[in-house]
Amino acid sequence: MKKPLSQKNTLWTWKFIVLILINLTNGAAGQMTFPLVASFALDLGAELTVASSIAGIMSLIGMFMSPVAGVLSDRMNRKRLLMCTELLYALFLLGHAFATTIPFLVFLRAGTGVFFTINSVLTTAYASEFIPRDRMGEGLGYFGLVMPLAQAVGPALGLALRDTMGFGAAFVAACISTILSFVCVTILPYDAKAPQEGEKKHSLKLNDLFAVEFLSLMLLATLFSSANGLATTYLDILATERGIPNISLFFTAYAVALLIVKPITGRLQDKKGLYFVMIPAVVFAALGTFLVGVAYSLAMMMLAAVCRALGQGAGTPCLQAHTVRTLDASKAGVAVSTIVIGQNLGNALAPIGGSFFAESFGYEGMFCGMGVATLFIGMFLLVWNCLREKKAGLQLSLIHI
């Protein structure tokens with residue numbers, strides 16, 4: 001079994017900091033382009049429904065690529081693979097600047113989704129090698145902090161470049177950000193042992209693609225990201241309908257709250273265990289979604305944002321830390337990808353499903369219903385996982401006897 005490179009209890013090593021920079025530059029590259037895709041497709045002559053579909057391709061691709069990324073991460077040299085995917089990610093982002101037709105743009109978004117997903121899984125699995133296992137929650141909490149920073153800075157930078165210099169400049173800047181990630185990867189060490197001559201690689205099994213034992217936690221991640229997908233898709237429409245100004249502050253409040261709570265919840269998970277963090281996370285996630293449904297003022301919306309940060313924002317990294325810590329270090333890739341599958345599933349399907357509920361029950365009914373469902377289904381999934389873990393522990397003790 002390959003041991004993690006960091007054997008001491010030190011978290012803030014230069015290697016961990018470099019990996020945080022890689023996560024930040026990758027995230028910023030993606031966030032610079034996400035808000036531009038639909039308008040860029042419209043600029044190329046697409047209809048609104050087609051443009052919206054093109055904007056959602058990455059989440060759909062990510063749902064199918066996550067298990068593949070986990071297998072590649074666990075079976076290949078992570079450093080070499082990450083270097084290759086960083087360059088290909090940069091190439092596809094740069095290609096956007098030269099897109100003149102809708103089919104070519106669809107091809108570019110699909111390719112971008114493939115390499116963005118692989119990079120996301122790889123960097124988290126790679127980072128887990130430099131985090132002491134008894135500080136995994138805290139370490140991945142800090143590691144994940146860069147995403148709200150990227151979400152806060154990336155879209156604004158991409159839109160500013162688009163408005164001043166055109167779409168091409170924004171896509172070139174995203175490519176440069178990814179090149180910086182590549183440079184950071186090249187300076188990192190990687191303690192990969194070459195396979196012994198004649199060593200047989202086991203055939204691909206379901207557990208190499210997906211950690212079946214964490215099905216309940218994956219579904220919990222799906223539940224969290226579904227609420228996030230509804231907010232991202234329909235919040236602006238809801239705010240316009242209710243006359244709530246400056247709704248972008250909802251996302252600012254969410255990002256600021258995340259910066260505060262993620263390290264705290266990570267440390268609490270390391271010391272008190274998964275359920276100490278996840279039970280209140282489910283409650284806050286449900287409350288935050290419900291409050292969006294009944295909010296008619298910006299203050300209430302910002303309170304909902306803070307609740308969502310305490311819920312979905314803090315809970316998802318804890319789920320990931322738990323899976324990484326539970327499985328062997330050599331299976332960090334599949335541990336990460338299992339939760340990522342859940343996230344992509346919710347992001348891809350919730351906006352589509354939400355449209356049917358919004359038509360039948362209105363936006364208030366949709367968000368309030370999702371809040372109630374999050375509470376009851378979330379608690380059920382936690383109980384399911386707790387019973388599974390107890391059963392597994394009983395079986396293990398019987399084997400030792």
# chains A, B, ... in the order shown; residues from 1 in each chain; ligands from 1

call {"tool": "residues_around", "arguments": {"residues": "region 151-164 of chain A", "least_positions_apart": "4", "cutoff": "10 Å", "atoms": "only C-alpha atoms", "output": "PyMOL selection string"}}
result
chain A and resi 24-25+27-36+40+146-147+168-174+251-252+254-256

call {"tool": "write_last_selection", "arguments": {"atoms": "C-alpha atoms", "output": "PDB file, in the first residue's frame"}}
result
ATOM      1  CA  LEU A  24      -7.606  28.249  -7.486  1.00  0.00           C
ATOM      2  CA  THR A  25      -6.266  28.810 -11.010  1.00  0.00           C
ATOM      3  CA  GLY A  27     -11.423  27.113 -10.694  1.00  0.00           C
ATOM      4  CA  ALA A  28     -10.879  30.688 -11.853  1.00  0.00           C
ATOM      5  CA  ALA A  29     -10.449  29.490 -15.451  1.00  0.00           C
ATOM      6  CA  GLY A  30     -13.777  27.686 -15.326  1.00  0.00           C
ATOM      7  CA  GLN A  31     -15.624  30.481 -13.537  1.00  0.00           C
ATOM      8  CA  MET A  32     -14.374  33.061 -16.056  1.00  0.00           C
ATOM      9  CA  THR A  33     -16.118  31.167 -18.853  1.00  0.00           C
ATOM     10  CA  PHE A  34     -19.278  29.742 -17.233  1.00  0.00           C
ATOM     11  CA  PRO A  35     -21.352  32.965 -17.365  1.00  0.00           C
ATOM     12  CA  LEU A  36     -20.201  33.754 -20.918  1.00  0.00           C
ATOM     13  CA  PHE A  40     -21.553  33.676 -26.617  1.00  0.00           C
ATOM     14  CA  VAL A 146     -10.627  28.547  -3.133  1.00  0.00           C
ATOM     15  CA  MET A 147     -13.829  27.655  -4.985  1.00  0.00           C
ATOM     16  CA  GLY A 168     -11.879  36.210 -27.161  1.00  0.00           C
ATOM     17  CA  ALA A 169      -9.938  38.059 -24.456  1.00  0.00           C
ATOM     18  CA  ALA A 170     -11.921  36.342 -21.678  1.00  0.00           C
ATOM     19  CA  PHE A 171     -11.258  32.883 -23.142  1.00  0.00           C
ATOM     20  CA  VAL A 172      -7.539  33.627 -23.619  1.00  0.00           C
ATOM     21  CA  ALA A 173      -7.332  34.782 -19.969  1.00  0.00           C
ATOM     22  CA  ALA A 174      -8.959  31.516 -18.857  1.00  0.00           C
ATOM     23  CA  PHE A 251     -23.833  34.886  -3.751  1.00  0.00           C
ATOM     24  CA  THR A 252     -21.464  37.347  -2.045  1.00  0.00           C
ATOM     25  CA  TYR A 254     -22.709  32.827   0.552  1.00  0.00           C
ATOM     26  CA  ALA A 255     -19.015  33.113  -0.404  1.00  0.00           C
ATOM     27  CA  VAL A 256     -18.091  35.175   2.673  1.00  0.00           C
TER      28      VAL A 256
END

call {"tool": "residues_around", "arguments": {"residues": "region 214-220 of chain A", "least_positions_apart": "2", "cutoff": "7 Å", "atoms": "only C-alpha atoms", "output": "ChimeraX atom specification"}}
result
/A:211-212,222-224,319,338-339,342,378,381,384-385

call {"tool": "closest_residue", "arguments": {"among": "A:Ile176, A:Ala38, A:Ile187, A:Ala285", "to": "Leu93 (chain A)", "atoms": "only C-alpha atoms"}}
result
A:Ile176

call {"tool": "residues_around", "arguments": {"residues": "Ala69 (chain A)", "least_positions_apart": "6", "cutoff": "7 Å", "atoms": "only C-alpha atoms", "output": "number ranges by chain"}}
result
A: 118, 121, 337

call {"tool": "write_last_selection", "arguments": {"atoms": "N, CA and C atoms", "output": "CSV table (one decimal), in the first residue's frame"}}
result
chain,number,residue,atom,x,y,z
A,118,ILE,N,-11.8,15.8,-14.9
A,118,ILE,CA,-10.6,15.0,-14.5
A,118,ILE,C,-9.7,15.8,-13.6
A,121,VAL,N,-11.1,16.1,-9.9
A,121,VAL,CA,-10.9,14.9,-9.2
A,121,VAL,C,-9.5,14.6,-8.9
A,337,SER,N,-14.3,10.9,-6.6
A,337,SER,CA,-15.2,11.0,-7.7
A,337,SER,C,-16.6,10.5,-7.3

call {"tool": "atom_distance", "arguments": {"atom1": "CA of Ile352 (chain A)", "atom2": "CA of Phe284 (chain A)"}}
result
24.1 Å

call {"tool": "closest_atom_pairs", "arguments": {"of": "region 83-192 of chain A", "to": "region 264-273 of chain A", "cutoff": "6 Å", "atoms": "only C-alpha atoms", "output": "CSV"}}
result
residue,atom,partner,partner_atom,distance
A:Arg135,CA,A:Asp270,CA,5.9
A:Gly137,CA,A:Gly266,CA,4.2
A:Glu138,CA,A:Gly266,CA,3.9
A:Gly141,CA,A:Gly266,CA,5.4

call {"tool": "residues_around", "arguments": {"residues": "Leu81 (chain A)", "least_positions_apart": "6", "cutoff": "12 Å", "atoms": "only C-alpha atoms", "output": "VMD selection string"}}
result
chain A and resid 69 to 75 87 to 88 115 118 to 119 121 to 123 126 182 185 to 186 190

call {"tool": "write_last_selection", "arguments": {"atoms": "C-alpha atoms", "output": "short mmCIF file (atom, residue, chain, number, x, y, z; two decimals), in the first residue's frame"}}
result
data_model
loop_
_atom_site.label_atom_id
_atom_site.label_comp_id
_atom_site.auth_asym_id
_atom_site.auth_seq_id
_atom_site.Cartn_x
_atom_site.Cartn_y
_atom_site.Cartn_z
CA ALA A 69 -11.51 10.33 -13.56
CA GLY A 70 -11.46 8.33 -10.32
CA VAL A 71 -10.16 5.21 -12.07
CA LEU A 72 -7.48 7.16 -13.94
CA SER A 73 -6.41 8.87 -10.72
CA ASP A 74 -5.99 5.57 -8.86
CA ARG A 75 -4.32 3.63 -11.71
CA LEU A 87 -2.58 21.34 -21.18
CA LEU A 88 -5.64 19.87 -22.90
CA PHE A 115 -10.76 17.82 -18.71
CA ILE A 118 -10.61 15.02 -14.52
CA ASN A 119 -8.62 17.95 -13.14
CA VAL A 121 -10.94 14.86 -9.17
CA LEU A 122 -7.18 14.59 -9.69
CA THR A 123 -6.25 17.72 -7.74
CA TYR A 126 -3.45 14.54 -5.22
CA PHE A 182 0.30 23.46 -15.31
CA VAL A 185 2.01 20.95 -11.21
CA THR A 186 5.49 20.63 -12.72
CA TYR A 190 5.14 12.65 -6.74
#

call {"tool": "closest_residue", "arguments": {"among": "A:Ala281, A:Val324, A:Leu21, A:Leu188", "to": "Pro132 (chain A)", "atoms": "only C-alpha atoms"}}
result
A:Val324

call {"tool": "closest_atom_pairs", "arguments": {"of": "region 315-387 of chain A", "to": "region 232-235 of chain A", "cutoff": "9 Å", "atoms": "only C-alpha atoms", "output": "tab-separated table"}}
result
residue	atom	partner	partner_atom	distance
A:Pro351	CA	A:Thr233	CA	6.3
A:Gly354	CA	A:Tyr234	CA	8.8
A:Tyr363	CA	A:Tyr234	CA	8.1

call {"tool": "select_by_dssp", "arguments": {"residues": "region 84-250 of chain A", "states": "alpha helix (DSSP H)", "output": "PyMOL selection string"}}
result
chain A and resi 84-95+102-128+136-144+146-165+167-186+206-209+215-242+249-250

call {"tool": "write_last_selection", "arguments": {"atoms": "C-alpha atoms", "output": "short mmCIF file (atom, residue, chain, number, x, y, z; two decimals), in the first residue's frame"}}
result
data_model
loop_
_atom_site.label_atom_id
_atom_site.label_comp_id
_atom_site.auth_asym_id
_atom_site.auth_seq_id
_atom_site.Cartn_x
_atom_site.Cartn_y
_atom_site.Cartn_z
CA CYS A 84 -1.49 16.29 -19.66
CA THR A 85 -5.05 17.22 -18.70
CA GLU A 86 -4.03 20.77 -17.71
CA LEU A 87 -2.58 21.34 -21.18
CA LEU A 88 -5.64 19.87 -22.90
CA TYR A 89 -7.96 21.92 -20.66
CA ALA A 90 -6.01 25.05 -21.64
CA LEU A 91 -6.19 24.12 -25.33
CA PHE A 92 -9.96 23.66 -25.28
CA LEU A 93 -10.46 26.95 -23.42
CA LEU A 94 -8.28 28.74 -25.97
CA GLY A 95 -10.31 27.14 -28.75
CA ILE A 102 -22.46 26.25 -32.84
CA PRO A 103 -21.31 22.63 -33.51
CA PHE A 104 -17.69 23.64 -32.86
CA LEU A 105 -18.72 25.41 -29.64
CA VAL A 106 -20.59 22.26 -28.51
CA PHE A 107 -17.45 20.20 -29.19
CA LEU A 108 -15.33 22.67 -27.20
CA ARG A 109 -17.72 22.69 -24.22
CA ALA A 110 -17.83 18.89 -24.16
CA GLY A 111 -14.01 18.67 -24.23
CA THR A 112 -13.73 21.37 -21.58
CA GLY A 113 -16.14 19.39 -19.39
CA VAL A 114 -14.04 16.23 -19.78
CA PHE A 115 -10.76 17.82 -18.71
CA PHE A 116 -12.27 20.12 -16.07
CA THR A 117 -13.82 17.06 -14.39
CA ILE A 118 -10.61 15.02 -14.52
CA ASN A 119 -8.62 17.95 -13.14
CA SER A 120 -11.10 18.49 -10.29
CA VAL A 121 -10.94 14.86 -9.17
CA LEU A 122 -7.18 14.59 -9.69
CA THR A 123 -6.25 17.72 -7.74
CA THR A 124 -8.37 16.69 -4.74
CA ALA A 125 -6.97 13.14 -4.78
CA TYR A 126 -3.45 14.54 -5.22
CA ALA A 127 -3.96 16.97 -2.32
CA SER A 128 -5.11 14.14 -0.04
CA MET A 136 -8.37 15.36 6.39
CA GLY A 137 -11.55 17.31 7.13
CA GLU A 138 -9.65 20.48 8.01
CA GLY A 139 -7.25 20.08 5.07
CA LEU A 140 -9.92 19.53 2.42
CA GLY A 141 -11.92 22.35 4.01
CA TYR A 142 -9.05 24.77 3.38
CA PHE A 143 -8.44 23.21 -0.04
CA GLY A 144 -12.06 23.79 -1.01
CA VAL A 146 -10.63 28.55 -3.13
CA MET A 147 -13.83 27.66 -4.98
CA PRO A 148 -15.96 30.42 -3.42
CA LEU A 149 -13.05 32.76 -4.10
CA ALA A 150 -13.02 31.64 -7.73
CA GLN A 151 -16.81 32.00 -7.87
CA ALA A 152 -16.56 35.52 -6.49
CA VAL A 153 -13.72 36.72 -8.75
CA GLY A 154 -13.91 34.58 -11.90
CA PRO A 155 -17.32 35.59 -13.34
CA ALA A 156 -16.70 39.30 -12.67
CA LEU A 157 -13.27 39.12 -14.37
CA GLY A 158 -14.63 37.18 -17.35
CA LEU A 159 -17.52 39.59 -17.85
CA ALA A 160 -15.22 42.62 -17.47
CA LEU A 161 -12.85 41.28 -20.13
CA ARG A 162 -15.80 40.48 -22.42
CA ASP A 163 -17.22 44.00 -22.03
CA THR A 164 -13.89 45.79 -22.61
CA MET A 165 -12.03 43.53 -25.07
CA PHE A 167 -15.26 37.28 -25.78
CA GLY A 168 -11.88 36.21 -27.16
CA ALA A 169 -9.94 38.06 -24.46
CA ALA A 170 -11.92 36.34 -21.68
CA PHE A 171 -11.26 32.88 -23.14
CA VAL A 172 -7.54 33.63 -23.62
CA ALA A 173 -7.33 34.78 -19.97
CA ALA A 174 -8.96 31.52 -18.86
CA CYS A 175 -6.37 29.60 -20.91
CA ILE A 176 -3.53 31.55 -19.23
CA SER A 177 -4.96 30.74 -15.80
CA THR A 178 -4.84 27.04 -16.68
CA ILE A 179 -1.26 27.34 -17.94
CA LEU A 180 -0.35 28.71 -14.49
CA SER A 181 -1.88 25.55 -13.02
CA PHE A 182 0.30 23.46 -15.31
CA VAL A 183 3.45 25.30 -14.16
CA CYS A 184 2.50 24.68 -10.52
CA VAL A 185 2.01 20.95 -11.21
CA THR A 186 5.49 20.63 -12.72
CA LEU A 206 -17.61 -1.56 -10.11
CA ASN A 207 -15.77 -0.45 -6.96
CA ASP A 208 -13.01 1.04 -9.14
CA LEU A 209 -15.57 3.34 -10.76
CA LEU A 215 -24.11 5.45 -2.10
CA SER A 216 -26.04 7.19 0.68
CA LEU A 217 -23.42 9.94 0.98
CA MET A 218 -23.35 10.37 -2.81
CA LEU A 219 -27.14 10.82 -2.79
CA LEU A 220 -26.76 13.36 0.01
CA ALA A 221 -24.30 15.30 -2.17
CA THR A 222 -26.90 15.08 -4.97
CA LEU A 223 -29.52 16.51 -2.64
CA PHE A 224 -27.26 19.41 -1.67
CA SER A 225 -26.24 20.23 -5.25
CA SER A 226 -29.86 20.01 -6.42
CA ALA A 227 -30.78 22.87 -4.10
CA ASN A 228 -27.71 24.74 -5.34
CA GLY A 229 -28.73 24.13 -8.97
CA LEU A 230 -32.22 25.51 -8.32
CA ALA A 231 -30.80 28.64 -6.69
CA THR A 232 -28.29 29.25 -9.48
CA THR A 233 -30.91 28.77 -12.19
CA TYR A 234 -34.01 30.46 -10.79
CA LEU A 235 -32.88 32.93 -8.12
CA ASP A 236 -32.50 35.88 -10.50
CA ILE A 237 -35.94 35.19 -12.02
CA LEU A 238 -37.49 34.91 -8.55
CA ALA A 239 -35.86 38.14 -7.38
CA THR A 240 -37.08 40.02 -10.47
CA GLU A 241 -40.61 38.69 -9.97
CA ARG A 242 -40.62 39.86 -6.33
CA LEU A 249 -25.31 39.96 -2.94
CA PHE A 250 -26.88 36.56 -2.19
#

call {"tool": "residues_around", "arguments": {"residues": "region 295-300 of chain A", "least_positions_apart": "4", "cutoff": "9 Å", "atoms": "only C-alpha atoms", "output": "ChimeraX atom specification"}}
result
/A:239,242-247,249-250,290-291,304-305,364

call {"tool": "atom_distance", "arguments": {"atom1": "CA of Leu44 (chain A)", "atom2": "CA of Phe98 (chain A)"}}
result
11.6 Å

call {"tool": "atom_distance", "arguments": {"atom1": "CA of Phe357 (chain A)", "atom2": "CA of Leu310 (chain A)"}}
result
25.7 Å

call {"tool": "closest_residue", "arguments": {"among": "A:Phe356, A:Ile341, A:Ile17, A:Val306", "to": "Gln320 (chain A)", "atoms": "only C-alpha atoms"}}
result
A:Ile341

call {"tool": "decode", "arguments": {"residues": "region 347-358 of chain A", "atoms": "all heavy atoms", "output": "mmCIF file, in the first residue's frame"}}
result
data_model
loop_
_atom_site.group_PDB
_atom_site.id
_atom_site.type_symbol
_atom_site.label_atom_id
_atom_site.label_comp_id
_atom_site.auth_asym_id
_atom_site.auth_seq_id
_atom_site.Cartn_x
_atom_site.Cartn_y
_atom_site.Cartn_z
ATOM 1 N N ASN A 347 -26.575 19.053 -10.063
ATOM 2 C CA ASN A 347 -26.436 20.262 -10.875
ATOM 3 C C ASN A 347 -27.056 20.096 -12.258
ATOM 4 O O ASN A 347 -27.573 21.053 -12.835
ATOM 5 C CB ASN A 347 -24.958 20.631 -11.028
ATOM 6 C CG ASN A 347 -24.391 21.265 -9.770
ATOM 7 O OD1 ASN A 347 -25.107 21.957 -9.047
ATOM 8 N ND2 ASN A 347 -23.129 21.024 -9.485
ATOM 9 N N ALA A 348 -26.969 18.870 -12.808
ATOM 10 C CA ALA A 348 -27.470 18.635 -14.162
ATOM 11 C C ALA A 348 -28.987 18.453 -14.197
ATOM 12 O O ALA A 348 -29.659 18.942 -15.117
ATOM 13 C CB ALA A 348 -26.790 17.404 -14.764
ATOM 14 N N LEU A 349 -29.542 17.754 -13.204
ATOM 15 C CA LEU A 349 -30.954 17.364 -13.274
ATOM 16 C C LEU A 349 -31.905 18.328 -12.553
ATOM 17 O O LEU A 349 -33.058 18.466 -12.959
ATOM 18 C CB LEU A 349 -31.128 15.958 -12.697
ATOM 19 C CG LEU A 349 -30.351 14.842 -13.414
ATOM 20 C CD1 LEU A 349 -30.655 13.491 -12.770
ATOM 21 C CD2 LEU A 349 -30.698 14.800 -14.899
ATOM 22 N N ALA A 350 -31.425 18.993 -11.492
ATOM 23 C CA ALA A 350 -32.323 19.842 -10.694
ATOM 24 C C ALA A 350 -32.947 20.982 -11.496
ATOM 25 O O ALA A 350 -34.158 21.221 -11.379
ATOM 26 C CB ALA A 350 -31.582 20.384 -9.473
ATOM 27 N N PRO A 351 -32.181 21.724 -12.302
ATOM 28 C CA PRO A 351 -32.810 22.811 -13.058
ATOM 29 C C PRO A 351 -33.902 22.323 -14.011
ATOM 30 O O PRO A 351 -34.932 22.980 -14.186
ATOM 31 C CB PRO A 351 -31.634 23.421 -13.837
ATOM 32 C CG PRO A 351 -30.431 23.072 -13.038
ATOM 33 C CD PRO A 351 -30.720 21.712 -12.483
ATOM 34 N N ILE A 352 -33.695 21.130 -14.598
ATOM 35 C CA ILE A 352 -34.687 20.579 -15.521
ATOM 36 C C ILE A 352 -35.944 20.159 -14.751
ATOM 37 O O ILE A 352 -37.065 20.514 -15.103
ATOM 38 C CB ILE A 352 -34.106 19.377 -16.286
ATOM 39 C CG1 ILE A 352 -32.882 19.811 -17.101
ATOM 40 C CG2 ILE A 352 -35.157 18.757 -17.193
ATOM 41 C CD1 ILE A 352 -32.099 18.662 -17.700
ATOM 42 N N GLY A 353 -35.733 19.397 -13.661
ATOM 43 C CA GLY A 353 -36.868 18.977 -12.842
ATOM 44 C C GLY A 353 -37.573 20.159 -12.201
ATOM 45 O O GLY A 353 -38.804 20.169 -12.063
ATOM 46 N N GLY A 354 -36.770 21.166 -11.807
ATOM 47 C CA GLY A 354 -37.351 22.341 -11.161
ATOM 48 C C GLY A 354 -38.330 23.083 -12.053
ATOM 49 O O GLY A 354 -39.304 23.671 -11.559
ATOM 50 N N SER A 355 -38.106 23.050 -13.373
ATOM 51 C CA SER A 355 -38.994 23.772 -14.289
ATOM 52 C C SER A 355 -40.414 23.204 -14.230
ATOM 53 O O SER A 355 -41.396 23.951 -14.315
ATOM 54 C CB SER A 355 -38.442 23.705 -15.719
ATOM 55 O OG SER A 355 -38.409 22.360 -16.187
ATOM 56 N N PHE A 356 -40.539 21.887 -14.053
ATOM 57 C CA PHE A 356 -41.862 21.269 -13.967
ATOM 58 C C PHE A 356 -42.569 21.650 -12.660
ATOM 59 O O PHE A 356 -43.766 21.947 -12.644
ATOM 60 C CB PHE A 356 -41.746 19.750 -14.085
ATOM 61 C CG PHE A 356 -41.232 19.286 -15.420
ATOM 62 C CD1 PHE A 356 -39.924 18.847 -15.564
ATOM 63 C CD2 PHE A 356 -42.058 19.306 -16.537
ATOM 64 C CE1 PHE A 356 -39.444 18.425 -16.792
ATOM 65 C CE2 PHE A 356 -41.590 18.880 -17.774
ATOM 66 C CZ PHE A 356 -40.275 18.444 -17.910
ATOM 67 N N PHE A 357 -41.796 21.655 -11.560
ATOM 68 C CA PHE A 357 -42.388 22.022 -10.269
ATOM 69 C C PHE A 357 -42.756 23.501 -10.240
ATOM 70 O O PHE A 357 -43.778 23.887 -9.663
ATOM 71 C CB PHE A 357 -41.412 21.692 -9.135
ATOM 72 C CG PHE A 357 -41.350 20.234 -8.794
ATOM 73 C CD1 PHE A 357 -40.348 19.435 -9.306
ATOM 74 C CD2 PHE A 357 -42.301 19.653 -7.976
ATOM 75 C CE1 PHE A 357 -40.279 18.083 -9.010
ATOM 76 C CE2 PHE A 357 -42.258 18.304 -7.661
ATOM 77 C CZ PHE A 357 -41.242 17.511 -8.193
ATOM 78 N N ALA A 358 -41.911 24.346 -10.863
ATOM 79 C CA ALA A 358 -42.192 25.782 -10.884
ATOM 80 C C ALA A 358 -43.467 26.073 -11.660
ATOM 81 O O ALA A 358 -44.261 26.949 -11.274
ATOM 82 C CB ALA A 358 -41.017 26.539 -11.502
#
